[in-house]
$ cat data.csv   # CSV, C-alpha atoms and all ligand atoms
chain,number,residue,atom,x,y,z
A,1,MET,CA,-45.3,-52.9,57.3
A,2,LYS,CA,-48.3,-51.1,58.8
A,3,VAL,CA,-46.3,-47.9,59.1
A,4,ARG,CA,-45.3,-48.2,55.5
A,5,THR,CA,-48.9,-48.8,54.4
A,6,ARG,CA,-50.1,-45.9,56.4
A,7,SER,CA,-47.5,-43.5,55.0
A,8,SER,CA,-48.2,-44.7,51.5
A,9,ALA,CA,-51.8,-43.9,52.1
A,10,ILE,CA,-50.9,-40.4,53.4
A,11,ILE,CA,-48.7,-39.7,50.5
A,12,GLY,CA,-51.4,-40.9,48.2
A,13,ALA,CA,-53.9,-38.6,49.8
A,14,LEU,CA,-51.5,-35.7,49.6
A,15,PHE,CA,-50.8,-36.4,46.0
A,16,LEU,CA,-54.5,-36.6,45.3
A,17,SER,CA,-55.1,-33.2,46.9
A,18,VAL,CA,-52.3,-31.7,45.0
A,19,SER,CA,-53.7,-33.1,41.8
A,20,LEU,CA,-57.1,-31.7,42.6
A,21,THR,CA,-55.6,-28.3,43.3
A,22,PHE,CA,-53.9,-28.3,40.0
A,23,ALA,CA,-57.1,-29.4,38.3
A,24,THR,CA,-58.9,-26.5,39.9
A,25,ALA,CA,-56.2,-24.0,39.1
A,26,SER,CA,-55.8,-25.0,35.5
A,27,ALA,CA,-58.2,-26.6,33.0
A,28,GLY,CA,-55.8,-29.5,32.2
A,29,GLU,CA,-54.8,-32.2,34.6
A,30,PRO,CA,-51.0,-32.6,35.1
A,31,PRO,CA,-49.6,-36.0,34.1
A,32,ALA,CA,-49.4,-38.4,37.0
A,33,GLN,CA,-45.8,-38.7,38.3
A,34,PRO,CA,-45.1,-42.4,38.7
A,35,GLN,CA,-44.6,-43.3,42.4
A,36,VAL,CA,-41.7,-45.7,42.6
A,37,VAL,CA,-39.2,-47.1,45.1
A,38,LEU,CA,-35.9,-48.9,44.6
A,39,THR,CA,-35.8,-52.2,46.5
A,40,GLU,CA,-32.4,-53.7,47.0
A,41,VAL,CA,-32.6,-57.4,45.9
A,42,ALA,CA,-29.0,-58.4,46.0
A,43,ARG,CA,-25.4,-57.3,46.3
A,44,ALA,CA,-22.7,-58.2,43.7
A,45,GLN,CA,-19.1,-57.4,43.1
A,46,GLY,CA,-19.0,-54.5,40.6
A,47,PRO,CA,-22.1,-55.5,38.7
A,48,SER,CA,-21.7,-54.1,35.2
A,49,ALA,CA,-24.5,-55.6,33.0
A,50,GLY,CA,-27.3,-58.1,32.8
A,51,ALA,CA,-29.8,-59.9,30.7
A,52,ALA,CA,-33.0,-61.8,31.1
A,53,GLY,CA,-32.3,-65.5,31.0
A,54,PRO,CA,-34.1,-68.6,29.7
A,55,ASP,CA,-36.3,-69.1,32.8
A,56,GLY,CA,-37.1,-65.4,33.3
A,57,ARG,CA,-34.4,-64.9,35.9
A,58,VAL,CA,-31.9,-62.2,35.3
A,59,TRP,CA,-28.2,-63.0,34.7
A,60,ILE,CA,-25.8,-60.5,36.2
A,61,ALA,CA,-22.3,-59.8,34.9
A,62,GLU,CA,-19.7,-58.7,37.3
A,63,ARG,CA,-17.0,-56.5,35.8
A,64,ALA,CA,-14.1,-58.6,37.1
A,65,GLY,CA,-15.4,-61.5,35.0
A,66,THR,CA,-18.1,-63.6,36.6
A,67,VAL,CA,-21.7,-64.2,35.7
A,68,ARG,CA,-24.3,-65.1,38.3
A,69,ILE,CA,-28.1,-65.7,38.2
A,70,LEU,CA,-30.3,-63.5,40.3
A,71,GLY,CA,-32.9,-65.7,42.1
A,72,ASP,CA,-35.3,-65.1,45.0
A,73,GLY,CA,-32.5,-65.9,47.4
A,74,GLY,CA,-30.0,-63.6,45.9
A,75,LEU,CA,-27.2,-64.3,43.5
A,76,SER,CA,-26.1,-67.8,42.5
A,77,ASP,CA,-22.5,-69.1,42.4
A,78,PRO,CA,-20.8,-68.1,39.2
A,79,VAL,CA,-22.2,-69.9,36.1
A,80,LEU,CA,-19.3,-68.4,34.2
A,81,ASP,CA,-15.9,-67.2,35.3
A,82,ILE,CA,-13.5,-65.5,32.9
A,83,SER,CA,-11.7,-63.4,35.6
A,84,ALA,CA,-8.3,-64.8,34.6
A,85,GLU,CA,-8.9,-63.5,31.1
A,86,THR,CA,-9.8,-59.9,31.8
A,87,THR,CA,-8.7,-56.9,33.9
A,88,THR,CA,-10.6,-54.0,35.4
A,89,ASP,CA,-8.0,-51.4,34.5
A,90,GLY,CA,-9.6,-48.1,33.3
A,91,GLU,CA,-13.0,-48.8,32.0
A,92,ARG,CA,-12.2,-52.5,31.1
A,93,GLY,CA,-13.6,-55.8,32.2
A,94,LEU,CA,-16.7,-57.9,31.5
A,95,LEU,CA,-18.9,-55.1,30.0
A,96,GLY,CA,-21.9,-56.7,28.3
A,97,VAL,CA,-24.0,-59.9,28.1
A,98,ALA,CA,-26.9,-60.9,25.9
A,99,PHE,CA,-29.0,-63.9,25.0
A,100,ALA,CA,-29.9,-64.7,21.4
A,101,PRO,CA,-33.7,-64.9,20.7
A,102,GLU,CA,-35.1,-68.2,22.0
A,103,PHE,CA,-32.1,-68.4,24.4
A,104,THR,CA,-30.1,-70.7,22.1
A,105,HIS,CA,-26.9,-68.9,22.7
A,106,PHE,CA,-25.3,-66.5,25.3
A,107,TYR,CA,-22.8,-63.8,24.3
A,108,ILE,CA,-20.3,-61.9,26.5
A,109,SER,CA,-18.5,-58.7,25.7
A,110,TYR,CA,-15.2,-58.1,27.5
A,111,THR,CA,-11.7,-56.7,27.2
A,112,ASP,CA,-9.0,-59.3,27.1
A,113,LEU,CA,-5.6,-59.1,28.9
A,114,GLU,CA,-4.3,-56.8,26.1
A,115,GLY,CA,-7.4,-54.6,26.4
A,116,THR,CA,-8.9,-55.9,23.1
A,117,SER,CA,-12.7,-55.8,23.0
A,118,THR,CA,-13.9,-59.4,22.5
A,119,ILE,CA,-17.3,-60.9,21.8
A,120,ASP,CA,-17.6,-64.6,22.6
A,121,GLU,CA,-20.4,-67.0,22.2
A,122,PHE,CA,-21.6,-70.1,24.2
A,123,ALA,CA,-24.4,-72.5,23.3
A,124,VAL,CA,-27.2,-72.8,25.9
A,125,GLU,CA,-28.8,-76.1,26.5
A,126,ASP,CA,-31.6,-76.8,29.0
A,127,GLY,CA,-31.0,-73.3,30.5
A,128,GLU,CA,-27.3,-73.9,31.1
A,129,LEU,CA,-24.1,-72.6,29.4
A,130,ARG,CA,-22.1,-75.2,27.4
A,131,PRO,CA,-18.5,-74.0,28.1
A,132,ASP,CA,-17.1,-76.4,25.6
A,133,THR,CA,-18.9,-74.6,22.8
A,134,ARG,CA,-17.2,-71.2,23.4
A,135,ARG,CA,-16.0,-69.4,20.4
A,136,THR,CA,-14.8,-65.9,19.6
A,137,VAL,CA,-17.1,-64.0,17.3
A,138,LEU,CA,-15.5,-60.6,16.9
A,139,THR,CA,-12.5,-58.7,18.3
A,140,GLN,CA,-11.5,-55.0,18.2
A,141,GLU,CA,-8.1,-53.7,19.4
A,142,GLN,CA,-8.4,-50.7,21.7
A,143,PRO,CA,-5.8,-47.9,21.6
A,144,TYR,CA,-6.6,-46.7,25.2
A,145,ALA,CA,-8.2,-48.2,28.3
A,146,ASN,CA,-11.3,-46.0,28.3
A,147,HIS,CA,-14.3,-45.6,26.0
A,148,ASN,CA,-14.6,-49.3,25.2
A,149,GLY,CA,-18.3,-49.2,25.0
A,150,GLY,CA,-19.0,-52.9,25.2
A,151,ASP,CA,-22.8,-53.2,25.4
A,152,ILE,CA,-24.4,-55.9,23.3
A,153,LYS,CA,-28.0,-56.5,22.6
A,154,PHE,CA,-30.1,-58.5,20.1
A,155,GLY,CA,-32.4,-56.3,18.0
A,156,PRO,CA,-36.0,-57.1,17.1
A,157,ASP,CA,-34.6,-58.2,13.8
A,158,GLY,CA,-32.7,-61.0,15.5
A,159,TYR,CA,-29.2,-59.5,14.8
A,160,LEU,CA,-26.6,-58.8,17.3
A,161,TYR,CA,-25.8,-55.1,17.9
A,162,ILE,CA,-22.4,-54.2,19.5
A,163,ALA,CA,-21.5,-50.7,20.7
A,164,PHE,CA,-17.9,-49.6,20.7
A,165,GLY,CA,-16.5,-46.3,21.9
A,166,ASP,CA,-14.2,-44.1,20.0
A,167,GLY,CA,-11.1,-45.8,21.3
A,168,GLY,CA,-10.5,-43.5,24.2
A,169,SER,CA,-8.1,-40.9,25.5
A,170,GLY,CA,-10.0,-37.6,25.2
A,171,GLY,CA,-11.4,-35.6,22.3
A,172,ASP,CA,-11.2,-38.6,19.8
A,173,PRO,CA,-7.5,-38.0,18.8
A,174,HIS,CA,-7.7,-40.4,15.9
A,175,GLY,CA,-11.0,-39.1,14.5
A,176,ASN,CA,-12.6,-42.5,14.8
A,177,GLY,CA,-16.1,-41.2,15.4
A,178,GLN,CA,-16.5,-40.0,11.8
A,179,ASN,CA,-14.1,-42.5,10.2
A,180,LEU,CA,-16.2,-45.3,8.5
A,181,ASP,CA,-13.1,-47.4,8.1
A,182,THR,CA,-12.9,-48.4,11.8
A,183,LEU,CA,-15.3,-50.2,14.1
A,184,LEU,CA,-14.5,-47.7,16.9
A,185,GLY,CA,-17.1,-45.1,17.7
A,186,LYS,CA,-19.8,-47.2,16.1
A,187,LEU,CA,-22.8,-49.3,16.7
A,188,LEU,CA,-22.4,-52.5,14.8
A,189,ARG,CA,-25.0,-55.0,13.5
A,190,ILE,CA,-23.9,-58.6,12.7
A,191,ASP,CA,-25.4,-62.1,12.3
A,192,PRO,CA,-23.3,-64.1,14.7
A,193,ARG,CA,-24.6,-67.5,13.5
A,194,GLY,CA,-24.7,-66.6,9.8
A,195,GLY,CA,-21.1,-67.4,9.1
A,196,GLU,CA,-17.7,-68.2,10.6
A,197,PRO,CA,-16.9,-66.2,12.7
A,198,TYR,CA,-20.0,-64.2,11.7
A,199,ALA,CA,-21.9,-62.7,8.8
A,200,VAL,CA,-22.9,-59.2,7.9
A,201,PRO,CA,-26.6,-58.7,7.1
A,202,ALA,CA,-27.0,-57.9,3.4
A,203,ASP,CA,-29.0,-54.8,4.2
A,204,ASN,CA,-26.5,-53.2,6.5
A,205,PRO,CA,-26.2,-49.5,5.4
A,206,PHE,CA,-22.5,-49.5,4.2
A,207,VAL,CA,-22.3,-52.9,2.5
A,208,ALA,CA,-22.0,-51.3,-0.9
A,209,ASP,CA,-19.4,-48.7,0.2
A,210,GLU,CA,-15.9,-50.1,-0.2
A,211,ASN,CA,-14.5,-47.3,2.0
A,212,ALA,CA,-16.7,-48.3,4.9
A,213,ARG,CA,-16.7,-51.3,7.2
A,214,ASP,CA,-19.7,-53.5,6.4
A,215,GLU,CA,-20.5,-54.2,10.1
A,216,ILE,CA,-21.4,-50.5,10.8
A,217,TRP,CA,-25.0,-49.8,11.6
A,218,SER,CA,-24.6,-46.2,12.8
A,219,TYR,CA,-21.7,-43.9,13.7
A,220,GLY,CA,-20.5,-40.7,15.3
A,221,LEU,CA,-20.6,-42.1,18.8
A,222,ARG,CA,-18.2,-41.3,21.6
A,223,ASN,CA,-18.8,-43.9,24.2
A,224,PRO,CA,-22.2,-45.5,23.7
A,225,TRP,CA,-21.9,-47.2,27.1
A,226,ARG,CA,-25.5,-48.6,27.2
A,227,PHE,CA,-28.1,-48.9,24.5
A,228,SER,CA,-31.5,-50.7,24.3
A,229,PHE,CA,-34.4,-51.5,22.0
A,230,ASP,CA,-37.9,-50.6,23.1
A,231,ALA,CA,-39.6,-53.9,23.7
A,232,GLY,CA,-42.9,-52.3,22.7
A,233,THR,CA,-41.9,-50.5,19.5
A,234,GLY,CA,-38.5,-51.7,18.5
A,235,ASP,CA,-37.1,-48.2,18.6
A,236,LEU,CA,-33.4,-47.9,19.4
A,237,LEU,CA,-32.1,-45.7,22.3
A,238,ILE,CA,-28.4,-45.0,22.9
A,239,GLY,CA,-26.9,-43.3,25.9
A,240,ASP,CA,-23.7,-41.7,24.6
A,241,VAL,CA,-21.4,-40.3,27.2
A,242,GLY,CA,-20.1,-36.8,26.5
A,243,GLN,CA,-16.6,-35.4,26.6
A,244,SER,CA,-16.9,-32.7,29.2
A,245,GLU,CA,-20.1,-30.7,28.5
A,246,TRP,CA,-23.0,-32.6,27.0
A,247,GLU,CA,-24.5,-35.9,27.8
A,248,GLU,CA,-26.9,-37.3,25.2
A,249,ILE,CA,-29.6,-39.8,24.3
A,250,ASP,CA,-29.7,-40.8,20.7
A,251,TRP,CA,-32.8,-42.4,19.1
A,252,ALA,CA,-33.7,-44.2,15.9
A,253,PRO,CA,-37.1,-45.6,14.9
A,254,ALA,CA,-37.7,-49.3,14.5
A,255,ASP,CA,-37.9,-49.0,10.8
A,256,SER,CA,-34.5,-47.2,10.4
A,257,LYS,CA,-32.3,-48.5,7.6
A,258,GLY,CA,-29.2,-47.6,9.6
A,259,GLY,CA,-26.5,-45.2,8.7
A,260,GLU,CA,-27.3,-42.5,11.2
A,261,ASN,CA,-24.4,-40.1,12.0
A,262,TYR,CA,-24.8,-39.1,15.6
A,263,GLY,CA,-22.1,-36.4,15.2
A,264,TRP,CA,-19.1,-37.2,17.4
A,265,SER,CA,-16.4,-35.9,17.3
A,266,SER,CA,-17.6,-33.0,15.1
A,267,MET,CA,-20.4,-32.5,17.6
A,268,GLU,CA,-20.9,-33.0,21.3
A,269,GLY,CA,-24.7,-33.2,21.7
A,270,ASN,CA,-26.2,-30.3,19.7
A,271,HIS,CA,-22.9,-28.3,19.9
A,272,PRO,CA,-19.9,-28.1,17.6
A,273,PHE,CA,-17.0,-29.8,19.4
A,274,ARG,CA,-13.7,-27.9,19.5
A,275,GLY,CA,-14.6,-25.8,16.4
A,276,GLY,CA,-16.1,-28.8,14.6
A,277,THR,CA,-18.6,-28.3,11.7
A,278,GLU,CA,-21.9,-30.0,12.0
A,279,PRO,CA,-22.1,-32.8,9.4
A,280,ALA,CA,-24.8,-32.3,6.9
A,281,ASN,CA,-26.3,-35.7,7.9
A,282,HIS,CA,-26.0,-35.2,11.6
A,283,VAL,CA,-28.8,-36.8,13.6
A,284,PRO,CA,-29.0,-34.7,16.7
A,285,PRO,CA,-29.7,-36.3,20.1
A,286,VAL,CA,-33.3,-36.7,21.1
A,287,HIS,CA,-32.2,-35.4,24.5
A,288,GLU,CA,-29.1,-33.8,26.0
A,289,TYR,CA,-28.2,-32.4,29.4
A,290,ASP,CA,-25.2,-30.4,30.6
A,291,ARG,CA,-23.1,-30.9,33.7
A,292,SER,CA,-24.6,-28.2,35.9
A,293,GLY,CA,-26.1,-30.6,38.4
A,294,LEU,CA,-27.6,-33.5,36.5
A,295,GLY,CA,-24.5,-35.6,36.4
A,296,CYS,CA,-21.4,-36.2,34.2
A,297,SER,CA,-21.8,-39.6,32.5
A,298,VAL,CA,-25.1,-40.8,31.1
A,299,THR,CA,-26.3,-44.4,31.7
A,300,GLY,CA,-28.8,-45.4,29.1
A,301,GLY,CA,-31.7,-47.4,30.3
A,302,PHE,CA,-34.9,-48.9,28.8
A,303,VAL,CA,-38.4,-47.9,27.8
A,304,TYR,CA,-40.5,-49.3,30.6
A,305,ARG,CA,-42.8,-52.1,29.4
A,306,GLY,CA,-43.5,-53.8,32.6
A,307,GLU,CA,-46.9,-53.9,34.3
A,308,ALA,CA,-46.1,-53.2,38.0
A,309,ILE,CA,-45.9,-49.4,37.6
A,310,GLU,CA,-48.7,-48.4,35.4
A,311,ALA,CA,-47.9,-44.7,35.2
A,312,LEU,CA,-44.4,-45.5,34.0
A,313,ALA,CA,-45.6,-47.4,30.9
A,314,GLY,CA,-43.9,-46.2,27.7
A,315,SER,CA,-41.4,-43.9,29.5
A,316,TYR,CA,-37.7,-44.2,28.9
A,317,VAL,CA,-35.9,-44.7,32.2
A,318,TYR,CA,-32.2,-43.6,32.4
A,319,SER,CA,-29.7,-42.3,34.9
A,320,ASP,CA,-26.2,-40.9,35.2
A,321,TYR,CA,-23.2,-42.6,36.8
A,322,CYS,CA,-22.2,-39.4,38.7
A,323,ASP,CA,-25.6,-38.4,39.8
A,324,GLY,CA,-27.7,-41.6,40.3
A,325,THR,CA,-31.1,-40.1,40.0
A,326,LEU,CA,-33.5,-42.1,37.9
A,327,ARG,CA,-35.0,-39.9,35.2
A,328,THR,CA,-37.6,-40.4,32.4
A,329,LEU,CA,-38.3,-39.2,28.9
A,330,LYS,CA,-41.5,-39.6,27.0
A,331,ILE,CA,-40.6,-39.9,23.3
A,332,GLU,CA,-43.2,-39.6,20.6
A,333,ASN,CA,-42.2,-39.7,16.9
A,334,GLY,CA,-38.6,-39.0,17.8
A,335,GLU,CA,-39.4,-36.0,20.0
A,336,VAL,CA,-39.3,-35.7,23.7
A,337,THR,CA,-42.7,-34.7,24.9
A,338,ALA,CA,-42.1,-34.9,28.7
A,339,GLU,CA,-39.2,-35.1,31.1
A,340,GLY,CA,-39.5,-36.6,34.5
A,341,ASP,CA,-37.6,-37.3,37.7
A,342,LEU,CA,-38.6,-40.4,39.6
A,343,GLY,CA,-37.1,-39.0,42.8
A,344,VAL,CA,-35.1,-42.1,43.6
A,345,GLN,CA,-31.3,-42.7,43.8
A,346,GLY,CA,-29.7,-45.8,42.4
A,347,GLY,CA,-26.1,-45.0,43.5
A,348,GLU,CA,-23.4,-45.1,40.9
A,349,VAL,CA,-25.7,-46.3,38.3
A,350,ILE,CA,-23.7,-48.3,35.7
A,351,SER,CA,-26.5,-50.2,34.0
A,352,PHE,CA,-30.1,-51.2,33.8
A,353,VAL,CA,-31.4,-54.7,33.1
A,354,GLU,CA,-34.8,-55.5,31.6
A,355,ALA,CA,-36.3,-58.7,33.0
A,356,GLY,CA,-38.3,-61.1,31.0
A,357,ASP,CA,-41.5,-59.5,32.4
A,358,GLY,CA,-40.4,-56.0,31.5
A,359,GLU,CA,-39.6,-54.9,35.0
A,360,LEU,CA,-36.3,-53.0,35.5
A,361,TYR,CA,-33.3,-53.7,37.6
A,362,VAL,CA,-30.7,-51.0,38.4
A,363,LEU,CA,-27.1,-51.9,38.9
A,364,SER,CA,-24.7,-49.7,40.9
A,365,ILE,CA,-21.0,-50.4,40.4
A,366,GLY,CA,-20.7,-50.2,44.2
A,367,GLY,CA,-22.6,-53.5,44.3
A,368,GLN,CA,-26.3,-52.8,44.9
A,369,ILE,CA,-28.8,-54.4,42.6
A,370,HIS,CA,-32.2,-52.7,42.9
A,371,ARG,CA,-35.5,-53.5,41.5
A,372,LEU,CA,-37.8,-50.7,40.4
A,373,ASN,CA,-41.1,-51.2,42.2
A,374,PRO,CA,-44.3,-49.3,42.7
A,375,ALA,CA,-44.3,-47.2,45.9
A,401,CA,CA,-23.9,-37.0,19.2
$ encode --input "data.csv" --output "C-alpha cells"
Amino acid sequence: MKVRTRSSAIIGALFLSVSLTFATASAGEPPAQPQVVLTEVARAQGPSAGAAGPDGRVWIAERAGTVRILGDGGLSDPVLDISAETTTDGERGLLGVAFAPEFTHFYISYTDLEGTSTIDEFAVEDGELRPDTRRTVLTQEQPYANHNGGDIKFGPDGYLYIAFGDGGSGGDPHGNGQNLDTLLGKLLRIDPRGGEPYAVPADNPFVADENARDEIWSYGLRNPWRFSFDAGTGDLLIGDVGQSEWEEIDWAPADSKGGENYGWSSMEGNHPFRGGTEPANHVPPVHEYDRSGLGCSVTGGFVYRGEAIEALAGSYVYSDYCDGTLRTLKIENGEVTAEGDLGVQGGEVISFVEAGDGELYVLSIGGQIHRLNPA
C-alpha cells in the first residue's frame, strides 16, 4: 500500500508539472484528464448486464441465464436461474435486466430456446424476487442468432425502453432498420404495468400512424446493444454497433418527442451504406469511429454521475468489445466538445452497470467485474 501511495504521489507530481508546463506554454489550461483505475471486485460466468438493486447493491446477469447480487464478499448464489430456458448460441442468452422505479418490479430480457426475444416481469417484495409472479410482457421473433439487441432500461419518464437489433445476418437483408412495421432495428417505449400484457404510452411518436408499430420510440438502429439515460439530464445515449466500418453513439435530448431515425441501413454512421441514400430525417450519430485501431464493436456506457472521480463528472464513458479501452465523450447540446481516453483496459467489455450511487462497473464477457475507481 505504501508503494502504491508513493507512486500515486509521484504520478500526481508529474502530472502537476506537466500541467504547469502547458499553462506556461499556452494561455489556457488543458482539461484535467481523470486519473482512474479498474479494480476487480468479482468474477462471474459470462456477465452480460446489470442493474442497481433495491438496497443499492448491483444485480449481475450472466448470459447463460443466472442473476446474482454483487456484495462486499463477491457474488451471491443465483437469485434467478432461467438457464434451462435460454441458450448462448450466437449473440443469444440473458441479455438485459432492469428494475422499475421504486424497485417494485424486475424485468429480464433474454432469447428463449427458439431464439425469440422475450421480456419477462417479476414482482419484487422486501428486496426479493417473487418467482410466482412471473409473466411475459413482450416477445419478438428473431430471424437470425445475431443482432438481438436486448438491453432494457426505464427512462426518467417511468416507461420501459427496449432495444432490438435489425434481426441479424449482415447488411439488414430484410430492410428492418427503416421499416416502421417491425419492432426489429428499433428502440421501443412501453408501459409494462399499464395493460395486459402492456400498454403503449399515448404520446409515443407513431401512435397515429397506422402503418407503423405503436411501440416504436426511435428507429434506424442496427444493433443497439447497450443504451442508457443520463441520470443527471435524462438525455438518451445509444451505442449502435456498425456493420464493418463505423461504430456509432447516438444521442437524443431528454425533451425528445421520439421518432428519431438513426439511419441504418441506409446509413452506417455518417456514411451511406452500400449505395444507400441519406434519409431526409436522418439523425446522425453524435460520435463515430472507424476500425483502424479503436475496436470493432461499440459498447455503450453511461454518463458518469458518481462522486468518487470528480474530473469524470458529466463525461460519457464507453468502450469497445474488441478493444477494451475505456473512452469518454463530453457532450454539450448534442455536440461532442471533448474526447478522452481513460488509459485503462476492461477486457472484452460487454456492458457497463451504473450503481445506485452513480459509480460504474465494467463487465467483461471473460468474467471480470471491475469497478471504476479514482487512481
Ligand atoms: Ca446510425
$ residues_near_ligand --input "data.csv" --ligand "ligand CA 401 (chain A)" --cutoff "8 Å" --atoms "all atoms listed in the file" --output "PyMOL selection string"
chain A and resi 220-222+240+248+250+261-265+267-270+283-285
$ closest_residue --input "data.csv" --among "A:Glu307, A:Asp230, A:Glu278, A:Asp357" --to "Lys153 of chain A" --atoms "all atoms listed in the file"
A:Asp230
$ atom_distance --input "data.csv" --atom1 "atom CA of Ile216 of chain A" --atom2 "atom CA of Leu180 of chain A"
7.7 Å
$ residues_near_point --input "data.csv" --point "(-42.2, -54.2, 23.0)" --cutoff "9 Å" --atoms "only C-alpha atoms" --output "compact mmCIF listing (two decimals) with C-alpha atoms, in the frame of the given file"
# COMPACT_ATOMS: atom_id res chain seq x y z
CA PHE A 229 -34.40 -51.50 22.00
CA ASP A 230 -37.90 -50.60 23.10
CA ALA A 231 -39.60 -53.90 23.70
CA GLY A 232 -42.90 -52.30 22.70
CA THR A 233 -41.90 -50.50 19.50
CA GLY A 234 -38.50 -51.70 18.50
CA VAL A 303 -38.40 -47.90 27.80
CA ARG A 305 -42.80 -52.10 29.40
CA GLY A 358 -40.40 -56.00 31.50
$ atom_distance --input "data.csv" --atom1 "atom CA of Glu91 of chain A" --atom2 "atom CA of Thr118 of chain A"
14.3 Å
$ residues_around --input "data.csv" --residues "Gly185 of chain A" --least-positions-apart "2" --cutoff "7 Å" --atoms "only C-alpha atoms" --output "PyMOL selection string"
chain A and resi 164-166+176-177+183+219-223
$ atom_distance --input "data.csv" --atom1 "atom CA of Ala308 of chain A" --atom2 "atom CA of Leu342 of chain A"
14.9 Å
$ closest_residue --input "data.csv" --among "A:Asp55, A:Asp157, A:Glu210, A:Asp172" --to "Asp235 of chain A" --atoms "all atoms listed in the file"
A:Asp157
$ residues_near_point --input "data.csv" --point "(-18.8, -54.1, 35.9)" --cutoff "8 Å" --atoms "all atoms listed in the file" --output "number ranges by chain"
A: 45-49, 61-64, 93-95, 350, 365
$ closest_residue --input "data.csv" --among "A:Ala98, A:Leu80, A:Leu312, A:Val241" --to "Arg327 of chain A" --atoms "all atoms listed in the file"
A:Leu312
